[in-house]
Each structure stands twice: as structure tokens, then as C-alpha cells.
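> Here you go, this is run-v2.txt (compact mmCIF, C-alpha atoms).
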```
# COMPACT_ATOMS: atom_id res chain seq x y z
CA MET A 7 53.11 -6.35 -37.12
CA SER A 8 53.36 -8.74 -34.16
CA GLU A 9 53.73 -12.49 -34.44
CA LEU A 10 50.26 -12.89 -32.93
CA GLN A 11 48.74 -10.66 -35.58
CA ARG A 12 50.51 -12.61 -38.29
CA SER A 13 49.32 -15.89 -36.84
CA ASN A 14 45.74 -14.73 -36.47
CA ARG A 15 45.74 -13.54 -40.04
CA SER A 16 47.04 -16.85 -41.39
CA ASN A 17 44.36 -18.72 -39.43
CA GLN A 18 41.46 -16.72 -40.85
CA LYS A 19 40.46 -18.32 -44.12
CA LYS A 20 38.18 -15.65 -45.55
CA LYS A 21 39.93 -12.43 -44.61
CA GLY A 22 42.43 -10.56 -46.73
CA ARG A 23 46.05 -11.45 -46.05
CA LYS A 24 49.46 -11.55 -47.60
CA LYS A 25 49.92 -14.75 -49.54
CA ARG A 26 53.02 -16.85 -49.40
CA ILE A 27 54.63 -18.69 -52.23
CA PHE A 28 55.13 -22.43 -52.30
CA MET A 29 57.29 -25.04 -53.92
CA TRP A 30 56.12 -26.61 -57.17
CA ILE A 31 59.08 -27.70 -59.22
CA PHE A 32 60.74 -30.90 -58.18
CA VAL A 33 63.22 -33.38 -59.56
CA PRO A 34 60.79 -35.30 -61.83
CA ILE A 35 60.61 -32.15 -63.95
CA LEU A 36 64.30 -32.65 -64.59
CA ILE A 37 63.67 -36.34 -65.07
CA VAL A 38 61.22 -35.41 -67.79
CA ALA A 39 63.67 -33.02 -69.37
CA LEU A 40 66.43 -35.59 -69.26
CA SER A 41 64.23 -38.38 -70.58
CA GLY A 42 63.69 -36.35 -73.70
CA ALA A 43 67.32 -35.33 -73.75
CA ALA A 44 68.41 -38.95 -73.60
CA TYR A 45 67.90 -39.13 -77.35
CA ALA A 46 69.82 -36.00 -78.15
CA THR A 47 73.45 -35.48 -77.14
CA VAL A 48 73.12 -31.73 -77.53
CA LEU A 49 70.30 -31.56 -74.99
CA LEU A 50 72.18 -33.78 -72.57
CA LYS A 51 75.17 -31.48 -72.72
CA LYS A 52 72.86 -28.53 -72.14
CA ALA A 53 71.30 -30.22 -69.13
CA GLU A 54 74.70 -31.16 -67.70
CA SER A 55 75.89 -27.56 -67.96
CA VAL A 56 72.78 -26.20 -66.27
CA VAL A 57 72.82 -28.76 -63.45
CA SER A 58 76.50 -28.15 -62.73
CA LYS A 59 75.74 -24.48 -62.09
CA SER A 60 72.98 -25.44 -59.64
CA TYR A 61 75.07 -27.99 -57.73
CA LYS A 62 75.49 -26.94 -54.11
CA PRO A 63 76.19 -29.76 -51.63
CA VAL A 64 75.64 -29.40 -47.90
CA LYS A 65 77.16 -31.33 -45.02
CA THR A 66 74.40 -32.89 -42.93
CA VAL A 67 73.98 -35.53 -40.26
CA SER A 68 72.47 -38.34 -42.30
CA LYS A 69 70.55 -41.42 -41.23
CA ARG A 70 72.42 -43.46 -43.85
CA PRO A 71 75.57 -45.35 -42.81
CA VAL A 72 76.82 -45.05 -46.39
CA GLN A 73 75.85 -42.80 -49.25
CA VAL A 74 73.12 -44.17 -51.52
CA ASN A 75 73.51 -45.01 -55.18
CA PRO A 76 70.35 -43.87 -57.04
CA ASP A 77 71.15 -46.34 -59.82
CA LEU A 78 70.53 -49.16 -57.36
CA ASP A 79 68.86 -47.84 -54.21
CA ASN A 80 65.53 -46.38 -53.17
CA ILE A 81 66.06 -42.72 -52.35
CA SER A 82 64.35 -39.68 -50.87
CA ILE A 83 64.43 -36.09 -52.03
CA LEU A 84 63.41 -33.04 -50.01
CA LEU A 85 61.81 -30.33 -52.13
CA ILE A 86 62.22 -26.85 -50.66
CA GLY A 87 60.27 -23.94 -52.08
CA VAL A 88 61.26 -20.41 -51.12
CA ASP A 89 60.17 -16.92 -52.08
CA GLU A 90 63.41 -15.38 -53.26
CA SER A 91 61.87 -12.42 -55.03
CA LYS A 92 64.01 -9.36 -55.65
CA SER A 93 62.19 -7.32 -53.04
CA ARG A 94 62.55 -9.99 -50.38
CA ALA A 95 66.21 -10.53 -51.22
CA LYS A 96 66.84 -6.86 -50.45
CA GLN A 97 64.92 -7.08 -47.18
CA TYR A 98 66.05 -10.44 -45.79
CA GLY A 99 69.05 -11.52 -47.82
CA GLU A 100 69.35 -15.30 -47.66
CA ALA A 101 67.72 -15.62 -44.21
CA ILE A 102 64.30 -16.52 -45.59
CA ARG A 103 61.81 -19.17 -44.56
CA SER A 104 60.74 -22.06 -46.70
CA ASP A 105 57.24 -21.53 -48.00
CA ALA A 106 56.58 -25.20 -48.73
CA LEU A 107 58.23 -28.53 -48.09
CA LEU A 108 57.56 -31.76 -49.94
CA VAL A 109 59.28 -35.11 -49.46
CA ALA A 110 59.45 -37.45 -52.45
CA THR A 111 60.47 -41.07 -51.96
CA PHE A 112 61.46 -43.19 -54.98
CA ASN A 113 61.12 -46.98 -55.09
CA LYS A 114 63.45 -48.43 -57.72
CA LYS A 115 61.68 -51.76 -58.21
CA GLU A 116 58.16 -50.36 -58.42
CA LYS A 117 59.25 -47.23 -60.33
CA SER A 118 56.87 -45.37 -58.02
CA VAL A 119 56.98 -42.07 -56.14
CA LYS A 120 55.28 -41.03 -52.93
CA LEU A 121 54.93 -37.28 -52.46
CA LEU A 122 54.31 -35.92 -48.97
CA SER A 123 53.35 -32.30 -48.30
CA ILE A 124 54.44 -30.88 -44.92
CA PRO A 125 52.39 -27.84 -43.78
CA ARG A 126 54.67 -24.83 -43.33
CA ASP A 127 53.40 -24.00 -39.84
CA SER A 128 53.84 -27.54 -38.50
CA TYR A 129 55.05 -27.49 -34.88
CA VAL A 130 58.18 -29.67 -34.88
CA TYR A 131 61.49 -30.16 -33.15
CA ILE A 132 64.38 -28.35 -34.87
CA PRO A 133 67.61 -30.19 -33.93
CA GLY A 134 69.92 -27.34 -34.89
CA LYS A 135 68.18 -25.03 -32.41
CA ASN A 136 67.27 -27.67 -29.81
CA LYS A 137 63.70 -26.40 -29.63
CA LYS A 138 60.25 -26.80 -31.16
CA ASP A 139 59.13 -24.22 -33.70
CA LYS A 140 57.39 -23.88 -37.05
CA ILE A 141 59.12 -26.05 -39.61
CA THR A 142 59.26 -23.09 -41.98
CA HIS A 143 61.76 -21.42 -39.63
CA ALA A 144 64.34 -24.20 -40.04
CA HIS A 145 65.42 -22.77 -43.39
CA ALA A 146 65.78 -19.26 -41.99
CA PHE A 147 67.84 -20.63 -39.11
CA GLY A 148 70.17 -22.77 -41.21
CA GLY A 149 69.17 -23.10 -44.85
CA PRO A 150 68.85 -26.51 -46.55
CA LYS A 151 71.16 -28.15 -43.99
CA MET A 152 68.94 -27.44 -40.99
CA THR A 153 65.80 -28.09 -43.01
CA ILE A 154 67.06 -31.54 -44.02
CA GLU A 155 67.97 -32.46 -40.46
CA THR A 156 64.60 -31.21 -39.16
CA VAL A 157 62.65 -33.28 -41.69
CA GLN A 158 64.77 -36.35 -40.89
CA GLU A 159 63.95 -35.85 -37.23
CA LEU A 160 60.24 -35.47 -37.97
CA LEU A 161 59.80 -38.45 -40.30
CA ASP A 162 62.59 -40.73 -39.02
CA ILE A 163 63.80 -41.42 -42.55
CA PRO A 164 67.01 -40.42 -44.32
CA ILE A 165 66.85 -37.45 -46.66
CA ASP A 166 69.32 -38.31 -49.40
CA TYR A 167 68.99 -35.24 -51.61
CA TYR A 168 67.44 -31.82 -51.62
CA VAL A 169 66.22 -29.51 -54.37
CA LYS A 170 65.58 -25.87 -53.56
CA VAL A 171 63.74 -23.64 -56.03
CA ASN A 172 61.92 -20.32 -56.16
CA PHE A 173 58.65 -19.39 -57.83
CA TYR A 174 60.37 -18.03 -60.93
CA ALA A 175 61.26 -21.62 -61.85
CA PHE A 176 57.64 -22.65 -61.63
CA MET A 177 56.32 -19.86 -63.81
CA ASP A 178 59.08 -20.32 -66.38
CA VAL A 179 58.43 -24.06 -66.68
CA VAL A 180 54.66 -23.62 -67.02
CA ASN A 181 55.18 -20.99 -69.69
CA ALA A 182 57.77 -23.15 -71.47
CA LEU A 183 55.06 -25.83 -71.73
CA ASP A 184 52.52 -23.31 -73.09
CA GLY A 185 50.49 -23.71 -69.92
CA ILE A 186 49.10 -26.62 -67.91
CA ASP A 187 45.56 -28.02 -67.68
CA VAL A 188 44.14 -27.68 -64.17
CA ASP A 189 40.67 -27.97 -62.65
CA VAL A 190 40.25 -24.68 -60.75
CA PRO A 191 38.04 -25.52 -57.73
CA TYR A 192 36.55 -22.05 -57.21
CA ALA A 193 36.58 -18.49 -58.48
CA LEU A 194 39.48 -16.49 -57.12
CA SER A 195 41.07 -13.07 -57.32
CA GLU A 196 44.75 -13.13 -56.43
CA GLN A 197 47.88 -11.01 -56.57
CA ASP A 198 50.51 -11.72 -59.19
CA SER A 199 54.18 -12.58 -58.72
CA GLU A 200 55.05 -8.91 -58.19
CA ASP A 201 52.38 -8.60 -55.47
CA HIS A 202 49.98 -6.46 -57.49
CA PRO A 203 46.60 -7.03 -55.79
CA ASN A 204 43.75 -8.69 -57.70
CA ALA A 205 45.88 -8.95 -60.86
CA ILE A 206 44.88 -12.58 -61.52
CA ASN A 207 41.21 -13.57 -61.77
CA LEU A 208 40.14 -17.16 -62.41
CA LYS A 209 36.78 -18.85 -62.81
CA PRO A 210 36.08 -22.41 -61.63
CA GLY A 211 36.47 -25.35 -63.98
CA MET A 212 39.05 -27.18 -66.10
CA GLN A 213 41.23 -24.74 -68.04
CA THR A 214 44.74 -24.08 -69.33
CA LEU A 215 46.69 -21.79 -67.00
CA ASN A 216 49.84 -19.82 -67.77
CA GLY A 217 52.65 -19.38 -65.25
CA GLU A 218 51.15 -16.40 -63.41
CA GLU A 219 47.71 -18.02 -63.25
CA ALA A 220 49.03 -21.35 -62.03
CA LEU A 221 51.05 -19.50 -59.41
CA ALA A 222 47.93 -17.65 -58.24
CA LEU A 223 46.00 -20.90 -57.85
CA ALA A 224 48.87 -22.51 -55.96
CA ARG A 225 49.42 -19.66 -53.53
CA THR A 226 45.86 -18.55 -52.71
CA ARG A 227 44.70 -19.09 -49.13
CA HIS A 228 41.28 -17.43 -49.15
CA HIS A 229 39.02 -20.46 -49.42
CA ASP A 230 40.63 -23.44 -47.69
CA THR A 231 43.22 -24.62 -45.20
CA ASP A 232 46.98 -25.04 -45.48
CA VAL A 233 46.48 -28.80 -45.76
CA MET A 234 44.06 -28.37 -48.65
CA ARG A 235 46.49 -25.87 -50.14
CA GLY A 236 49.16 -28.55 -50.04
CA MET A 237 46.84 -30.99 -51.79
CA ARG A 238 46.11 -28.35 -54.44
CA GLN A 239 49.83 -27.88 -54.98
CA GLN A 240 50.29 -31.62 -55.41
CA GLU A 241 47.60 -31.67 -58.11
CA ILE A 242 49.33 -28.80 -59.89
CA ILE A 243 52.64 -30.69 -59.80
CA LYS A 244 50.97 -33.74 -61.32
CA ALA A 245 49.33 -31.62 -64.05
CA LEU A 246 52.69 -30.04 -64.82
CA MET A 247 54.40 -33.41 -65.05
CA LYS A 248 51.62 -34.85 -67.23
CA LYS A 249 52.06 -32.00 -69.68
CA ALA A 250 55.86 -32.28 -69.64
CA LEU A 251 55.68 -36.04 -70.33
CA SER A 252 53.41 -35.59 -73.34
CA LEU A 253 54.87 -36.08 -76.79
CA GLN A 254 54.06 -32.54 -77.92
CA SER A 255 56.28 -31.19 -75.13
CA ILE A 256 59.50 -32.99 -76.11
CA SER A 257 60.58 -30.07 -78.29
CA LYS A 258 60.29 -27.79 -75.26
CA HIS A 259 62.69 -29.71 -73.00
CA THR A 260 65.54 -27.29 -73.62
CA ASP A 261 63.40 -24.45 -72.31
CA ILE A 262 62.38 -26.56 -69.31
CA ILE A 263 65.99 -27.35 -68.47
CA GLU A 264 66.94 -23.67 -68.62
CA ALA A 265 63.94 -22.58 -66.56
CA VAL A 266 64.68 -25.03 -63.75
CA GLY A 267 68.45 -24.57 -63.77
CA ASP A 268 68.34 -20.80 -63.49
CA ASN A 269 66.33 -20.95 -60.28
CA MET A 270 67.48 -24.13 -58.56
CA GLN A 271 69.96 -25.28 -55.93
CA THR A 272 70.60 -28.98 -55.30
CA ASN A 273 73.09 -31.54 -54.06
CA MET A 274 72.14 -33.93 -56.88
CA SER A 275 74.83 -34.36 -59.47
CA PHE A 276 73.99 -34.71 -63.15
CA ASN A 277 74.67 -38.45 -62.95
CA ASP A 278 72.34 -38.73 -59.95
CA MET A 279 69.58 -37.13 -61.97
CA LYS A 280 70.23 -39.31 -65.00
CA SER A 281 69.71 -42.37 -62.83
CA LEU A 282 66.09 -41.26 -62.32
CA ILE A 283 65.21 -41.19 -66.00
CA ASP A 284 63.64 -44.64 -65.94
CA TYR A 285 61.03 -43.43 -63.43
CA GLY A 286 59.70 -41.17 -66.16
CA LEU A 287 59.86 -43.77 -68.90
CA THR A 288 57.69 -46.51 -67.40
CA GLY A 289 55.05 -47.94 -69.68
CA ASN A 290 52.19 -46.81 -67.42
CA GLY A 291 53.58 -43.35 -66.83
CA LEU A 292 55.05 -42.04 -63.61
CA ASN A 293 53.20 -43.53 -60.63
CA ILE A 294 52.81 -40.83 -57.96
CA GLU A 295 50.86 -41.22 -54.72
CA THR A 296 50.27 -38.05 -52.72
CA LEU A 297 50.29 -38.05 -48.92
CA ASN A 298 49.26 -35.43 -46.38
CA LEU A 299 49.68 -34.98 -42.64
CA LYS A 300 46.57 -34.50 -40.53
CA GLY A 301 46.56 -32.04 -37.66
CA ASP A 302 44.77 -29.20 -35.90
CA ASP A 303 45.14 -25.46 -35.49
CA ALA A 304 46.72 -24.58 -32.16
CA TYR A 305 47.96 -21.55 -30.27
CA ILE A 306 51.03 -21.86 -28.09
CA ASN A 307 52.03 -18.74 -26.19
CA LYS A 308 49.54 -16.85 -28.39
CA ILE A 309 51.33 -17.92 -31.58
CA TYR A 310 49.58 -19.98 -34.25
CA TYR A 311 50.93 -23.43 -35.13
CA TYR A 312 49.71 -26.48 -37.02
CA LYS A 313 49.90 -29.29 -34.48
CA LEU A 314 50.39 -32.61 -36.24
CA ASP A 315 48.22 -35.57 -35.36
CA GLU A 316 50.49 -38.17 -33.83
CA GLN A 317 48.64 -41.15 -35.29
CA SER A 318 48.67 -39.63 -38.78
CA LEU A 319 52.37 -38.89 -38.43
CA LYS A 320 53.07 -42.44 -37.26
CA GLU A 321 51.17 -43.93 -40.22
CA THR A 322 52.98 -41.64 -42.65
CA LYS A 323 56.36 -42.67 -41.26
CA THR A 324 55.47 -46.32 -41.80
CA ILE A 325 54.34 -45.69 -45.39
CA LEU A 326 57.55 -43.86 -46.27
CA LYS A 327 59.81 -46.39 -44.57
CA THR A 328 58.05 -49.23 -46.36
CA HIS A 329 58.41 -47.44 -49.67
CA LEU A 330 62.12 -46.87 -49.03
CA GLU A 331 62.39 -50.45 -47.73
CA ILE A 332 64.13 -49.49 -44.52
CA GLY A 333 63.54 -50.89 -41.03
CA SER A 334 61.50 -49.30 -38.29
CA ASN A 335 64.73 -48.15 -36.71
CA THR A 336 66.75 -46.21 -39.23
CA ALA A 337 70.50 -46.51 -39.44
CA ASN A 338 72.71 -44.66 -37.03
CA ALA A 339 73.36 -41.07 -37.97
CA SER A 340 76.56 -40.31 -39.78
CA LEU A 341 78.12 -37.23 -41.28
CA ASN A 342 77.22 -37.12 -44.95
CA ASP A 343 78.57 -34.31 -47.09
CA THR A 344 77.18 -35.68 -50.39
CA ASN A 345 80.51 -35.68 -52.23
CA SER A 346 81.63 -32.40 -50.69
CA SER A 347 84.12 -31.56 -47.98
CA THR A 348 82.89 -28.02 -47.57
CA GLU A 349 79.93 -27.30 -45.37
CA THR A 350 77.42 -24.82 -46.72
CA ASP A 351 75.30 -22.90 -44.23
CA ASP A 352 73.15 -20.57 -46.30
CA GLU A 353 70.89 -18.87 -43.83
CA THR A 354 71.58 -18.00 -40.23
CA SER A 355 68.60 -16.24 -38.74
CA SER A 356 64.82 -16.43 -38.75
CA ASN A 357 62.65 -13.66 -40.13
CA GLU A 358 58.90 -13.27 -40.39
CA ASN A 359 58.75 -12.72 -44.13
```
Just give me the structure of the file as C-alpha cells.

Amino acid sequence: MSELQRSNRSNQKKKGRKKRIFMWIFVPILIVALSGAAYATVLLKKAESVVSKSYKPVKTVSKRPVQVNPDLDNISILLIGVDESKSRAKQYGEAIRSDALLVATFNKKEKSVKLLSIPRDSYVYIPGKNKKDKITHAHAFGGPKMTIETVQELLDIPIDYYVKVNFYAFMDVVNALDGIDVDVPYALSEQDSEDHPNAINLKPGMQTLNGEEALALARTRHHDTDVMRGMRQQEIIKALMKKALSLQSISKHTDIIEAVGDNMQTNMSFNDMKSLIDYGLTGNGLNIETLNLKGDDAYINKIYYYKLDEQSLKETKTILKTHLEIGSNTANASLNDTNSSTETDDETSSNEN
């Protein structure tokens, strides 16, 4: 299938098409797990063991002159969701595209989080390739390293940490919580995680979804746009976090830790994650504001892209910089290996997968 055919298909909202998987799990899930574990040494040890196995630093060109201290500083985390299913691993190896990107900024004083969804087909400049392309291709070109540097270029903010997960983590966490309560906006028939067509059928309305059902709602693209899809994903994340923060879920934190750790890659150390516990223990609950980038469908050389609205992008940059409490001109770039002297380049080529 040609790139044009793929692009046309993704731009047609009501025609059948292959769905792509997105990123749902992000660091506050571990914050939740660790907040419960803070009262049990055994759980803390379990979490430390799991996180150590997921630790994978990358050497990037950072916009920070010095490395941040999450115990004291406002920080940003890039959340990378990829479809690393067994079938795709055989076909593409590690050269896979990101299916969704979210940027979370954390303000230490306010104990607040801003969560920005970046549409996967956004037409952006990719520094590592010195060209403009879909932001989803940055991961296929150069893994988390190139994705981080591309997002820094787009938003003009430092990306301090990254967390990369696959959809298995999402399903496992939802199931570990005995499902999450979500308002399904419309009836849908969707494939399951193994790509069996019409395996998941949901009716509209508030209901408790298991891992497969929540995945189907998050990935469907029949009824709305990629921007609305991103907003739907944000709502699912918030529902998941609400359930994980509830008292009846404390006993399930071991299962949550295992589910995330088995399917995660990050440059956050265990101590870095522990420093975020207080975000999840505020008296009013975790304060999350969701942000989205406006734009329009566009075809460039007969290929579909999501062309970001410059004014919306400018406003979003200002919001994130204010939340991070950094100036309009970010610090000079410096090489930041996040406590590692070994560069990790995971993916080297782009594939239409």
C-alpha cells in the first residue's frame, strides 16, 4: 500500500481502516503505586526492583544547562506510546513509530500537572534528520533520543525525562484495577489487541471497562478526529488515575507496579520517581489540566499531515513555559546523558507500520 493510500485512509473518519495504538500509561501511575508503597517497605523494594529493570537512559541534547532535581525543580516528562506487539516486532524489529506522544509538565509548588497531547501526524521539524516530517517518524528514525529532541524543538521547552510503554502495560494496569469507569461517547465495534476484527463492542454511556475494552475505546478512529482521539485518551488516563488513587485500589498496587514495569522503558531512576509521590498525595487530589494543539488536515506532496496552527502552538508554548517557570528563551542546549555515559539509539529507520 502506498503512502498516499495510507494517508487517505487515515483522513477518512467513517471508512474502515487499520487502527493504531496509543500511549496511556504515564508516570503518575507509578506515582500512585509508589504512594501506596510508601507505607510498606516490601512494596517499595518491589517497585525499586521493577524500575531498575526498566531504566534505560539516553544521551540527548538538552535545553537545561544543568540536570534538574525533581525533589526541588519543576520538570517535564515525555510519554511515548508504541505498538510493540509480537507480530510487529517480527516485522519491524525496534524501528517502529510512536503511536502517541504526550508531554506532562509538573509544577512543584502548585502540585499540578499539565498534560499535552501531540497528534501523531503533526508536521514538524525533526532535528536528527534536518527535515520536516510526521512527528511519529522521529521514533522510527532514532527512538526516544530523536523523539525527545524533536519535541524540544517543537515546544521550545526542555524534556527532562521520558517514559516509553506499549499497550500491554495499559491493559494489564486496567485489569489490575478491576476495570476503570469511563463515559463511552458512542457505540463502537473495534478490533481487540490481537487485531481480531469487531471483537469488542461497546454501547454509549458510563460503564466499567476492562483492559481490552478500554483499549478499544482509546484506539478507535471511526467517529472523530485525531485531536478528539487525543482528548479521549486524556480522559481515559484521568479515569485510570482516579481509580488507582482510590482507597479500594491500594491493595492492588503490587499488580500495578508489575504491569507497568514489565512493559516500560524510562530514564527516570527510582529516586526520581519517589520524588513525585507528593503530587499524588495532595489533599485535593492530583490536579491535571489537559491541553491540545489545534491544526488542520493538509496534503504535502500528496501525503497527509496534520498542520499545526501557529497561534495555538505559540499559546501552548507559553502555557508550558509558565508552568515550568522558565523564560521565553530557554537555556542553551547542552549534552545531557541523564546519569549515563552510554548513548542509546534504539531505532534507526522509519517504517509505515
> Hey, what's within 9 Å of stretch 216-225 of chain A if we count all atoms listed in the file and toss same-chain stuff fewer than 2 positions away? As a ChimeraX atom specification, please?
/A:25-28,30,173-174,176-186,188,190,194-199,206-208,214,227,235-236,238-239,242
> I'd like the contact shell of A:Pro191 - 9 Å cut-off, all atoms listed in the file, skipping same-chain residues fewer than 5 positions apart - returned as a ChimeraX atom specification.
/A:209-212
> Got time to write the residues from that selection, C-alpha atoms, as a tab-separated table (two decimals), in the coordinates of the input?

```tsv
chain	number	residue	atom	x	y	z
A	209	LYS	CA	36.78	-18.85	-62.81
A	210	PRO	CA	36.08	-22.41	-61.63
A	211	GLY	CA	36.47	-25.35	-63.98
A	212	MET	CA	39.05	-27.18	-66.10
```
> Find, counting all atoms listed in the file, the residue in A:Thr260, A:Ser82, A:Gln317, A:Asn273 that gets nearest to A:Lys51.
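Distance minimum relative to A:Lys51 lands on A:Thr260.
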> Between atom CA of A:Asp166 and atom CA of A:Ser252, what is the distance in Å, rounded to a tenth?
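Here the two named atoms are 28.9 Å from each other.
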> Can you pull out the residues contacting A:Glu155? Cut-off 12 Å, using only C-alpha atoms, and skip same-chain residues under 2 positions away; I want them as JSON, numbers by chain.
{"A": [64, 65, 66, 67, 68, 69, 84, 130, 131, 132, 133, 134, 135, 136, 141, 144, 145, 147, 148, 149, 150, 151, 152, 153, 157, 158, 159, 160, 161, 162, 163, 164, 165, 166, 167, 168, 339, 340, 341, 342]}
> Find the residue from A:Thr296, A:Ser118, A:Ser275, A:Ser60 that sits nearest to A:Asn80; use all atoms listed in the file when measuring.
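Comparing A:Thr296, A:Ser118, A:Ser275, A:Ser60 against A:Asn80, the winner is A:Ser118.
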